[in-house]
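Participant: Sending over input.cif (mmCIF, C-alpha atoms).
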```
data_upload
#
loop_
_atom_site.group_PDB
_atom_site.id
_atom_site.type_symbol
_atom_site.label_atom_id
_atom_site.label_comp_id
_atom_site.auth_asym_id
_atom_site.auth_seq_id
_atom_site.Cartn_x
_atom_site.Cartn_y
_atom_site.Cartn_z
ATOM 1 C CA MET A 931 40.808 38.779 -31.216
ATOM 2 C CA ASN A 932 37.454 40.508 -30.789
ATOM 3 C CA ARG A 933 34.046 39.848 -32.334
ATOM 4 C CA SER A 934 34.678 41.835 -35.528
ATOM 5 C CA GLU A 935 38.117 40.275 -36.046
ATOM 6 C CA LEU A 936 36.521 36.859 -35.571
ATOM 7 C CA VAL A 937 33.936 37.742 -38.237
ATOM 8 C CA GLU A 938 36.749 38.703 -40.645
ATOM 9 C CA ALA A 939 38.665 35.498 -39.967
ATOM 10 C CA VAL A 940 35.538 33.360 -40.439
ATOM 11 C CA ALA A 941 34.708 35.166 -43.716
ATOM 12 C CA THR A 942 38.201 34.333 -44.982
ATOM 13 C CA ARG A 943 38.233 30.739 -43.764
ATOM 14 C CA ALA A 944 34.726 29.823 -44.955
ATOM 15 C CA ASN A 945 34.949 32.002 -48.072
ATOM 16 C CA LEU A 946 31.837 33.964 -47.111
ATOM 17 C CA PRO A 947 30.715 37.575 -47.479
ATOM 18 C CA LYS A 948 31.416 39.430 -44.224
ATOM 19 C CA LYS A 949 27.719 40.076 -43.619
ATOM 20 C CA GLN A 950 26.937 36.351 -43.591
ATOM 21 C CA ALA A 951 29.945 35.546 -41.424
ATOM 22 C CA GLU A 952 28.651 38.171 -39.000
ATOM 23 C CA ILE A 953 25.166 36.633 -38.916
ATOM 24 C CA ALA A 954 26.694 33.195 -38.264
ATOM 25 C CA VAL A 955 28.938 34.431 -35.420
ATOM 26 C CA ASN A 956 26.115 36.414 -33.816
ATOM 27 C CA THR A 957 23.655 33.531 -34.106
ATOM 28 C CA ILE A 958 26.116 31.160 -32.418
ATOM 29 C CA PHE A 959 26.641 33.376 -29.371
ATOM 30 C CA ASP A 960 22.968 34.407 -29.194
ATOM 31 C CA SER A 961 21.952 30.721 -29.261
ATOM 32 C CA MET A 962 24.352 29.843 -26.449
ATOM 33 C CA THR A 963 23.226 32.825 -24.347
ATOM 34 C CA GLU A 964 19.570 31.888 -24.812
ATOM 35 C CA ALA A 965 20.166 28.228 -23.920
ATOM 36 C CA LEU A 966 21.997 29.206 -20.717
ATOM 37 C CA ALA A 967 19.343 31.791 -19.829
ATOM 38 C CA ASN A 968 16.743 29.003 -20.173
ATOM 39 C CA GLY A 969 18.750 26.863 -17.793
ATOM 40 C CA HIS A 970 20.126 24.473 -20.413
ATOM 41 C CA ARG A 971 23.687 23.311 -20.737
ATOM 42 C CA VAL A 972 25.628 23.868 -23.956
ATOM 43 C CA GLU A 973 28.058 21.247 -25.180
ATOM 44 C CA ILE A 974 30.332 21.852 -28.154
ATOM 45 C CA ARG A 975 32.402 18.772 -28.997
ATOM 46 C CA GLY A 976 36.076 19.575 -29.325
ATOM 47 C CA PHE A 977 35.635 22.963 -27.676
ATOM 48 C CA GLY A 978 34.012 22.666 -24.277
ATOM 49 C CA SER A 979 30.773 22.922 -22.368
ATOM 50 C CA PHE A 980 28.915 25.670 -20.548
ATOM 51 C CA THR A 981 26.801 24.983 -17.492
ATOM 52 C CA ASN A 982 25.059 27.221 -15.000
ATOM 53 C CA ARG A 983 26.181 27.213 -11.406
ATOM 54 C CA ASN A 984 23.889 28.407 -8.652
ATOM 55 C CA TYR A 985 25.240 30.412 -5.765
ATOM 56 C CA GLY A 986 23.343 31.059 -2.551
ATOM 57 C CA SER A 987 23.041 34.459 -0.942
ATOM 58 C CA TYR A 988 25.738 35.634 1.430
ATOM 59 C CA THR A 989 26.675 38.724 3.369
ATOM 60 C CA GLY A 990 29.466 40.573 1.649
ATOM 61 C CA ARG A 991 31.098 43.877 2.346
ATOM 62 C CA ASN A 992 31.434 47.053 0.365
ATOM 63 C CA PRO A 993 35.250 47.164 0.067
ATOM 64 C CA LYS A 994 35.240 50.962 0.052
ATOM 65 C CA THR A 995 33.084 51.673 3.082
ATOM 66 C CA GLY A 996 33.258 48.338 4.942
ATOM 67 C CA ASP A 997 29.450 48.234 5.172
ATOM 68 C CA ALA A 998 27.863 44.789 5.237
ATOM 69 C CA VAL A 999 25.690 44.148 2.178
ATOM 70 C CA LYS A 1000 23.460 41.176 1.494
ATOM 71 C CA VAL A 1001 24.351 39.560 -1.845
ATOM 72 C CA PRO A 1002 21.284 37.853 -3.376
ATOM 73 C CA PRO A 1003 21.470 34.299 -4.764
ATOM 74 C CA LYS A 1004 22.681 34.223 -8.355
ATOM 75 C CA ARG A 1005 23.334 32.011 -11.326
ATOM 76 C CA LEU A 1006 26.683 32.184 -13.120
ATOM 77 C CA PRO A 1007 27.869 30.487 -16.307
ATOM 78 C CA PHE A 1008 30.776 28.077 -15.972
ATOM 79 C CA PHE A 1009 32.938 26.942 -18.889
ATOM 80 C CA LYS A 1010 34.725 23.608 -18.854
ATOM 81 C CA VAL A 1011 37.280 23.324 -21.640
ATOM 82 C CA GLY A 1012 37.137 20.161 -23.761
ATOM 83 C CA LYS A 1013 40.024 17.689 -23.743
ATOM 84 C CA GLU A 1014 41.140 18.390 -27.311
ATOM 85 C CA LEU A 1015 41.309 22.174 -26.848
ATOM 86 C CA ARG A 1016 42.835 21.870 -23.371
ATOM 87 C CA GLU A 1017 45.701 19.844 -24.834
ATOM 88 C CA ARG A 1018 46.182 22.183 -27.793
ATOM 89 C CA VAL A 1019 46.299 25.279 -25.566
ATOM 90 C CA ASP A 1020 48.914 23.661 -23.327
ATOM 91 C CA GLU A 1021 51.083 22.277 -26.110
ATOM 92 C CA GLU A 1022 50.953 24.672 -29.043
ATOM 93 C CA ALA A 1023 51.180 28.160 -27.570
ATOM 94 C CA ASP A 1024 54.706 29.535 -27.370
ATOM 95 C CA GLY A 1025 53.978 32.871 -25.690
ATOM 96 C CA MET B 399 22.163 22.366 -26.624
ATOM 97 C CA THR B 400 24.728 20.837 -28.938
ATOM 98 C CA LYS B 401 26.460 21.919 -32.131
ATOM 99 C CA ALA B 402 23.589 20.401 -34.148
ATOM 100 C CA ASP B 403 21.088 22.790 -32.497
ATOM 101 C CA ILE B 404 23.358 25.731 -33.242
ATOM 102 C CA VAL B 405 23.705 24.608 -36.880
ATOM 103 C CA GLU B 406 19.902 24.539 -37.083
ATOM 104 C CA ASN B 407 19.675 28.149 -35.842
ATOM 105 C CA VAL B 408 22.409 29.334 -38.222
ATOM 106 C CA TYR B 409 20.678 27.500 -41.089
ATOM 107 C CA ASP B 410 17.391 29.306 -40.297
ATOM 108 C CA LYS B 411 19.018 32.725 -39.837
ATOM 109 C CA LEU B 412 21.163 32.671 -42.983
ATOM 110 C CA GLY B 413 18.403 31.135 -45.087
ATOM 111 C CA VAL B 414 20.492 30.645 -48.230
ATOM 112 C CA PHE B 415 22.715 27.689 -47.354
ATOM 113 C CA SER B 416 22.081 23.966 -47.050
ATOM 114 C CA LYS B 417 22.303 22.205 -43.683
ATOM 115 C CA LYS B 418 25.678 20.832 -44.737
ATOM 116 C CA GLU B 419 26.990 24.288 -45.667
ATOM 117 C CA SER B 420 25.593 25.765 -42.448
ATOM 118 C CA SER B 421 27.388 23.035 -40.513
ATOM 119 C CA ALA B 422 30.676 23.868 -42.271
ATOM 120 C CA ILE B 423 30.222 27.559 -41.363
ATOM 121 C CA VAL B 424 29.663 26.724 -37.681
ATOM 122 C CA GLU B 425 32.740 24.478 -37.767
ATOM 123 C CA ALA B 426 34.742 27.345 -39.298
ATOM 124 C CA VAL B 427 33.745 29.667 -36.442
ATOM 125 C CA PHE B 428 34.851 27.192 -33.753
ATOM 126 C CA ASP B 429 37.996 26.298 -35.720
ATOM 127 C CA VAL B 430 39.062 29.953 -35.861
ATOM 128 C CA ILE B 431 38.398 30.329 -32.131
ATOM 129 C CA LYS B 432 40.323 27.139 -31.273
ATOM 130 C CA ASP B 433 43.297 27.978 -33.519
ATOM 131 C CA THR B 434 43.522 31.477 -32.031
ATOM 132 C CA LEU B 435 43.443 30.175 -28.452
ATOM 133 C CA ALA B 436 45.962 27.431 -29.285
ATOM 134 C CA ASP B 437 48.293 30.242 -30.434
ATOM 135 C CA GLY B 438 47.916 31.786 -26.980
ATOM 136 C CA GLU B 439 45.798 34.714 -28.162
ATOM 137 C CA LYS B 440 42.621 35.638 -26.268
ATOM 138 C CA ILE B 441 39.111 35.813 -27.748
ATOM 139 C CA LYS B 442 36.924 38.694 -26.601
ATOM 140 C CA ILE B 443 33.254 38.431 -27.523
ATOM 141 C CA SER B 444 31.428 41.568 -26.420
ATOM 142 C CA GLY B 445 28.127 40.674 -24.765
ATOM 143 C CA PHE B 446 29.218 37.078 -24.111
ATOM 144 C CA GLY B 447 32.617 36.907 -22.465
ATOM 145 C CA ASN B 448 36.369 36.520 -22.827
ATOM 146 C CA PHE B 449 38.366 33.337 -23.352
ATOM 147 C CA VAL B 450 41.879 33.842 -22.018
ATOM 148 C CA VAL B 451 44.916 31.555 -21.997
ATOM 149 C CA ARG B 452 46.680 31.779 -18.643
ATOM 150 C CA GLU B 453 50.161 30.617 -17.688
ATOM 151 C CA LYS B 454 50.178 28.589 -14.480
ATOM 152 C CA GLN B 455 53.368 28.206 -12.464
ATOM 153 C CA GLU B 456 54.540 24.858 -11.200
ATOM 154 C CA ARG B 457 53.136 24.156 -7.722
ATOM 155 C CA ILE B 458 52.898 21.445 -5.139
ATOM 156 C CA GLY B 459 49.526 19.733 -5.012
ATOM 157 C CA ARG B 460 48.164 16.822 -3.088
ATOM 158 C CA ASN B 461 46.462 13.623 -4.136
ATOM 159 C CA PRO B 462 43.130 14.080 -2.346
ATOM 160 C CA LYS B 463 42.725 10.315 -1.929
ATOM 161 C CA THR B 464 46.104 9.395 -0.506
ATOM 162 C CA GLY B 465 47.309 12.780 0.776
ATOM 163 C CA ASP B 466 50.597 12.325 -1.094
ATOM 164 C CA GLN B 467 52.329 15.490 -2.206
ATOM 165 C CA ILE B 468 52.816 15.689 -5.966
ATOM 166 C CA LYS B 469 54.368 18.295 -8.203
ATOM 167 C CA ILE B 470 51.913 19.959 -10.604
ATOM 168 C CA THR B 471 53.919 21.054 -13.623
ATOM 169 C CA ALA B 472 53.742 24.539 -15.178
ATOM 170 C CA ARG B 473 51.030 24.663 -17.833
ATOM 171 C CA ARG B 474 48.774 26.858 -19.925
ATOM 172 C CA VAL B 475 45.067 26.731 -19.195
ATOM 173 C CA LEU B 476 42.030 28.268 -20.815
ATOM 174 C CA THR B 477 39.715 30.362 -18.658
ATOM 175 C CA PHE B 478 36.356 31.942 -19.472
ATOM 176 C CA LYS B 479 35.192 35.181 -17.915
ATOM 177 C CA PRO B 480 31.510 35.838 -18.629
ATOM 178 C CA SER B 481 30.506 39.377 -19.578
ATOM 179 C CA GLN B 482 28.137 41.421 -17.423
ATOM 180 C CA VAL B 483 25.544 41.141 -20.207
ATOM 181 C CA LEU B 484 25.623 37.316 -20.042
ATOM 182 C CA LYS B 485 25.495 37.319 -16.230
ATOM 183 C CA THR B 486 22.477 39.635 -16.330
ATOM 184 C CA ALA B 487 20.762 37.420 -18.936
ATOM 185 C CA LEU B 488 21.094 34.451 -16.563
ATOM 186 C CA ASN B 489 19.571 36.310 -13.633
ATOM 187 C CA SER B 490 16.643 38.179 -15.119
#
```
Show this structure as structure tokens.
Facilitator:
Amino acid sequence: MNRSELVEAVATRANLPKKQAEIAVNTIFDSMTEALANGHRVEIRGFGSFTNRNYGSYTGRNPKTGDAVKVPPKRLPFFKVGKELRERVDEEADG
Amino acid sequence: MTKADIVENVYDKLGVFSKKESSAIVEAVFDVIKDTLADGEKIKISGFGNFVVREKQERIGRNPKTGDQIKITARRVLTFKPSQVLKTALNS
């Protein structure tokens, strides 16, 4: 399911015009992106939490040429699934 | 940031719904996402990232405290792969 399919499904479930469902979906992901970019953690009960993880710089290698390249320190988002969703994913899916 | 902060933003952006209605809309978004993932289907949000359900095989693990070998059963787990856009937003 992609962003536009999610918008359609939300419009149906919440009985909303598609335009408003789209604004809601976009606002949710924009809010979470902004919070993480500002260094805050995001916690959604029943879903999971997002935190930033800091990684130091290291010397990597260009896999094509074998040249050593210095990788600068970076910050990456990390998602920890909530207990309720973790259990549902493990138990309900039949694929 | 919690769900309440997100509800506040959605309330401001939509402008035509009450706080309670805005809260129900935010719940609907997460409910659709959770139901879809529980069915084993992935969620791909361009500009944010992908939530993917992965099948893990049974494997032998170890209790880090006692060193005892224990069998870790096969299971389905949810993984999140951030998009390049999100990674860039965190490092600019």
Participant: Counting all atoms listed in the file, collect the residues of chain B whose closest atom lies at most 9 Å from chain A, and write them out as a PyMOL selection string.
Facilitator: chain B and resi 399-401+403-405+407-409+411-412+420+422-424+426-446+448+451+473-480+484-485+487-490
Participant: Any chance you could export the current selection's C-alpha atoms as an mmCIF file, in the coordinates of the input?
Facilitator:
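The resulting file, out38.cif, is reproduced below:
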```cif
data_model
loop_
_atom_site.group_PDB
_atom_site.id
_atom_site.type_symbol
_atom_site.label_atom_id
_atom_site.label_comp_id
_atom_site.auth_asym_id
_atom_site.auth_seq_id
_atom_site.Cartn_x
_atom_site.Cartn_y
_atom_site.Cartn_z
ATOM 1 C CA MET B 399 22.163 22.366 -26.624
ATOM 2 C CA THR B 400 24.728 20.837 -28.938
ATOM 3 C CA LYS B 401 26.460 21.919 -32.131
ATOM 4 C CA ASP B 403 21.088 22.790 -32.497
ATOM 5 C CA ILE B 404 23.358 25.731 -33.242
ATOM 6 C CA VAL B 405 23.705 24.608 -36.880
ATOM 7 C CA ASN B 407 19.675 28.149 -35.842
ATOM 8 C CA VAL B 408 22.409 29.334 -38.222
ATOM 9 C CA TYR B 409 20.678 27.500 -41.089
ATOM 10 C CA LYS B 411 19.018 32.725 -39.837
ATOM 11 C CA LEU B 412 21.163 32.671 -42.983
ATOM 12 C CA SER B 420 25.593 25.765 -42.448
ATOM 13 C CA ALA B 422 30.676 23.868 -42.271
ATOM 14 C CA ILE B 423 30.222 27.559 -41.363
ATOM 15 C CA VAL B 424 29.663 26.724 -37.681
ATOM 16 C CA ALA B 426 34.742 27.345 -39.298
ATOM 17 C CA VAL B 427 33.745 29.667 -36.442
ATOM 18 C CA PHE B 428 34.851 27.192 -33.753
ATOM 19 C CA ASP B 429 37.996 26.298 -35.720
ATOM 20 C CA VAL B 430 39.062 29.953 -35.861
ATOM 21 C CA ILE B 431 38.398 30.329 -32.131
ATOM 22 C CA LYS B 432 40.323 27.139 -31.273
ATOM 23 C CA ASP B 433 43.297 27.978 -33.519
ATOM 24 C CA THR B 434 43.522 31.477 -32.031
ATOM 25 C CA LEU B 435 43.443 30.175 -28.452
ATOM 26 C CA ALA B 436 45.962 27.431 -29.285
ATOM 27 C CA ASP B 437 48.293 30.242 -30.434
ATOM 28 C CA GLY B 438 47.916 31.786 -26.980
ATOM 29 C CA GLU B 439 45.798 34.714 -28.162
ATOM 30 C CA LYS B 440 42.621 35.638 -26.268
ATOM 31 C CA ILE B 441 39.111 35.813 -27.748
ATOM 32 C CA LYS B 442 36.924 38.694 -26.601
ATOM 33 C CA ILE B 443 33.254 38.431 -27.523
ATOM 34 C CA SER B 444 31.428 41.568 -26.420
ATOM 35 C CA GLY B 445 28.127 40.674 -24.765
ATOM 36 C CA PHE B 446 29.218 37.078 -24.111
ATOM 37 C CA ASN B 448 36.369 36.520 -22.827
ATOM 38 C CA VAL B 451 44.916 31.555 -21.997
ATOM 39 C CA ARG B 473 51.030 24.663 -17.833
ATOM 40 C CA ARG B 474 48.774 26.858 -19.925
ATOM 41 C CA VAL B 475 45.067 26.731 -19.195
ATOM 42 C CA LEU B 476 42.030 28.268 -20.815
ATOM 43 C CA THR B 477 39.715 30.362 -18.658
ATOM 44 C CA PHE B 478 36.356 31.942 -19.472
ATOM 45 C CA LYS B 479 35.192 35.181 -17.915
ATOM 46 C CA PRO B 480 31.510 35.838 -18.629
ATOM 47 C CA LEU B 484 25.623 37.316 -20.042
ATOM 48 C CA LYS B 485 25.495 37.319 -16.230
ATOM 49 C CA ALA B 487 20.762 37.420 -18.936
ATOM 50 C CA LEU B 488 21.094 34.451 -16.563
ATOM 51 C CA ASN B 489 19.571 36.310 -13.633
ATOM 52 C CA SER B 490 16.643 38.179 -15.119
#
```
Participant: Mind pulling up the distance from CA of Glu453 in chain B to CA of Ile470 in chain B?
Facilitator: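 Distance reported for this atom pair: 12.9 Å.
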Participant: Would you compute the distance between CA of Gly447 in chain B and CA of Tyr985 in chain A? Give it in Å to one decimal.
Facilitator: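 The value is 19.4 Å.
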Participant: Please, what distance in Å, to one decimal, runs between CA of Asp410 in chain B and CA of Glu938 in chain A?
Facilitator: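 Taking CA of Asp410 in chain B and CA of Glu938 in chain A, their separation equals 21.5 Å.
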Participant: Hey, what comes out of the PyMOL selection byres ((chain A and resi 999) around 6) on this file? Could you write it as a ChimeraX atom specification?
Facilitator: /A:989-991,998,1000
Participant: Regenerate range 992-1018 of chain A at the level of N, CA and C atoms and dump it as a CSV table (one decimal), in the frame of the given file.
Facilitator:
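Now in selection32.csv:
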```csv
chain,number,residue,atom,x,y,z
A,992,ASN,N,31.0,46.0,1.3
A,992,ASN,CA,31.4,47.1,0.4
A,992,ASN,C,32.9,47.3,0.7
A,993,PRO,N,33.8,47.0,-0.2
A,993,PRO,CA,35.2,47.2,0.1
A,993,PRO,C,35.7,48.6,0.3
A,994,LYS,N,34.9,49.6,-0.1
A,994,LYS,CA,35.2,51.0,0.1
A,994,LYS,C,34.8,51.4,1.4
A,995,THR,N,33.6,51.1,1.8
A,995,THR,CA,33.1,51.7,3.1
A,995,THR,C,33.1,50.7,4.2
A,996,GLY,N,33.3,49.4,3.9
A,996,GLY,CA,33.3,48.3,4.9
A,996,GLY,C,31.9,47.9,5.4
A,997,ASP,N,30.8,48.6,4.8
A,997,ASP,CA,29.4,48.2,5.2
A,997,ASP,C,29.1,46.8,4.7
A,998,ALA,N,28.3,46.1,5.6
A,998,ALA,CA,27.9,44.8,5.2
A,998,ALA,C,26.7,44.9,4.2
A,999,VAL,N,26.8,44.1,3.2
A,999,VAL,CA,25.7,44.1,2.2
A,999,VAL,C,25.3,42.7,1.9
A,1000,LYS,N,24.0,42.5,1.8
A,1000,LYS,CA,23.5,41.2,1.5
A,1000,LYS,C,23.5,40.9,0.0
A,1001,VAL,N,24.3,39.9,-0.4
A,1001,VAL,CA,24.4,39.6,-1.8
A,1001,VAL,C,23.3,38.5,-2.1
A,1002,PRO,N,22.4,38.8,-3.1
A,1002,PRO,CA,21.3,37.9,-3.4
A,1002,PRO,C,21.8,36.6,-4.1
A,1003,PRO,N,21.0,35.5,-4.0
A,1003,PRO,CA,21.5,34.3,-4.8
A,1003,PRO,C,21.6,34.6,-6.3
A,1004,LYS,N,22.5,34.0,-6.9
A,1004,LYS,CA,22.7,34.2,-8.4
A,1004,LYS,C,23.1,33.0,-9.1
A,1005,ARG,N,23.0,33.1,-10.4
A,1005,ARG,CA,23.3,32.0,-11.3
A,1005,ARG,C,24.5,32.5,-12.2
A,1006,LEU,N,25.5,31.8,-12.3
A,1006,LEU,CA,26.7,32.2,-13.1
A,1006,LEU,C,27.0,31.1,-14.1
A,1007,PRO,N,27.5,31.5,-15.3
A,1007,PRO,CA,27.9,30.5,-16.3
A,1007,PRO,C,29.3,30.0,-16.0
A,1008,PHE,N,29.5,28.7,-16.2
A,1008,PHE,CA,30.8,28.1,-16.0
A,1008,PHE,C,31.2,27.3,-17.2
A,1009,PHE,N,32.4,27.6,-17.7
A,1009,PHE,CA,32.9,26.9,-18.9
A,1009,PHE,C,34.0,25.9,-18.5
A,1010,LYS,N,33.7,24.7,-19.0
A,1010,LYS,CA,34.7,23.6,-18.9
A,1010,LYS,C,35.3,23.3,-20.2
A,1011,VAL,N,36.6,23.5,-20.3
A,1011,VAL,CA,37.3,23.3,-21.6
A,1011,VAL,C,37.3,21.8,-22.0
A,1012,GLY,N,37.1,21.5,-23.3
A,1012,GLY,CA,37.1,20.2,-23.8
A,1012,GLY,C,38.6,19.6,-23.8
A,1013,LYS,N,38.7,18.3,-23.8
A,1013,LYS,CA,40.0,17.7,-23.7
A,1013,LYS,C,40.9,18.1,-24.9
A,1014,GLU,N,40.4,18.1,-26.1
A,1014,GLU,CA,41.1,18.4,-27.3
A,1014,GLU,C,41.7,19.8,-27.3
A,1015,LEU,N,40.9,20.8,-26.9
A,1015,LEU,CA,41.3,22.2,-26.8
A,1015,LEU,C,42.3,22.4,-25.7
A,1016,ARG,N,42.0,21.7,-24.5
A,1016,ARG,CA,42.8,21.9,-23.4
A,1016,ARG,C,44.3,21.4,-23.7
A,1017,GLU,N,44.4,20.3,-24.5
A,1017,GLU,CA,45.7,19.8,-24.8
A,1017,GLU,C,46.4,20.8,-25.8
A,1018,ARG,N,45.6,21.3,-26.8
A,1018,ARG,CA,46.2,22.2,-27.8
A,1018,ARG,C,46.7,23.5,-27.2
```
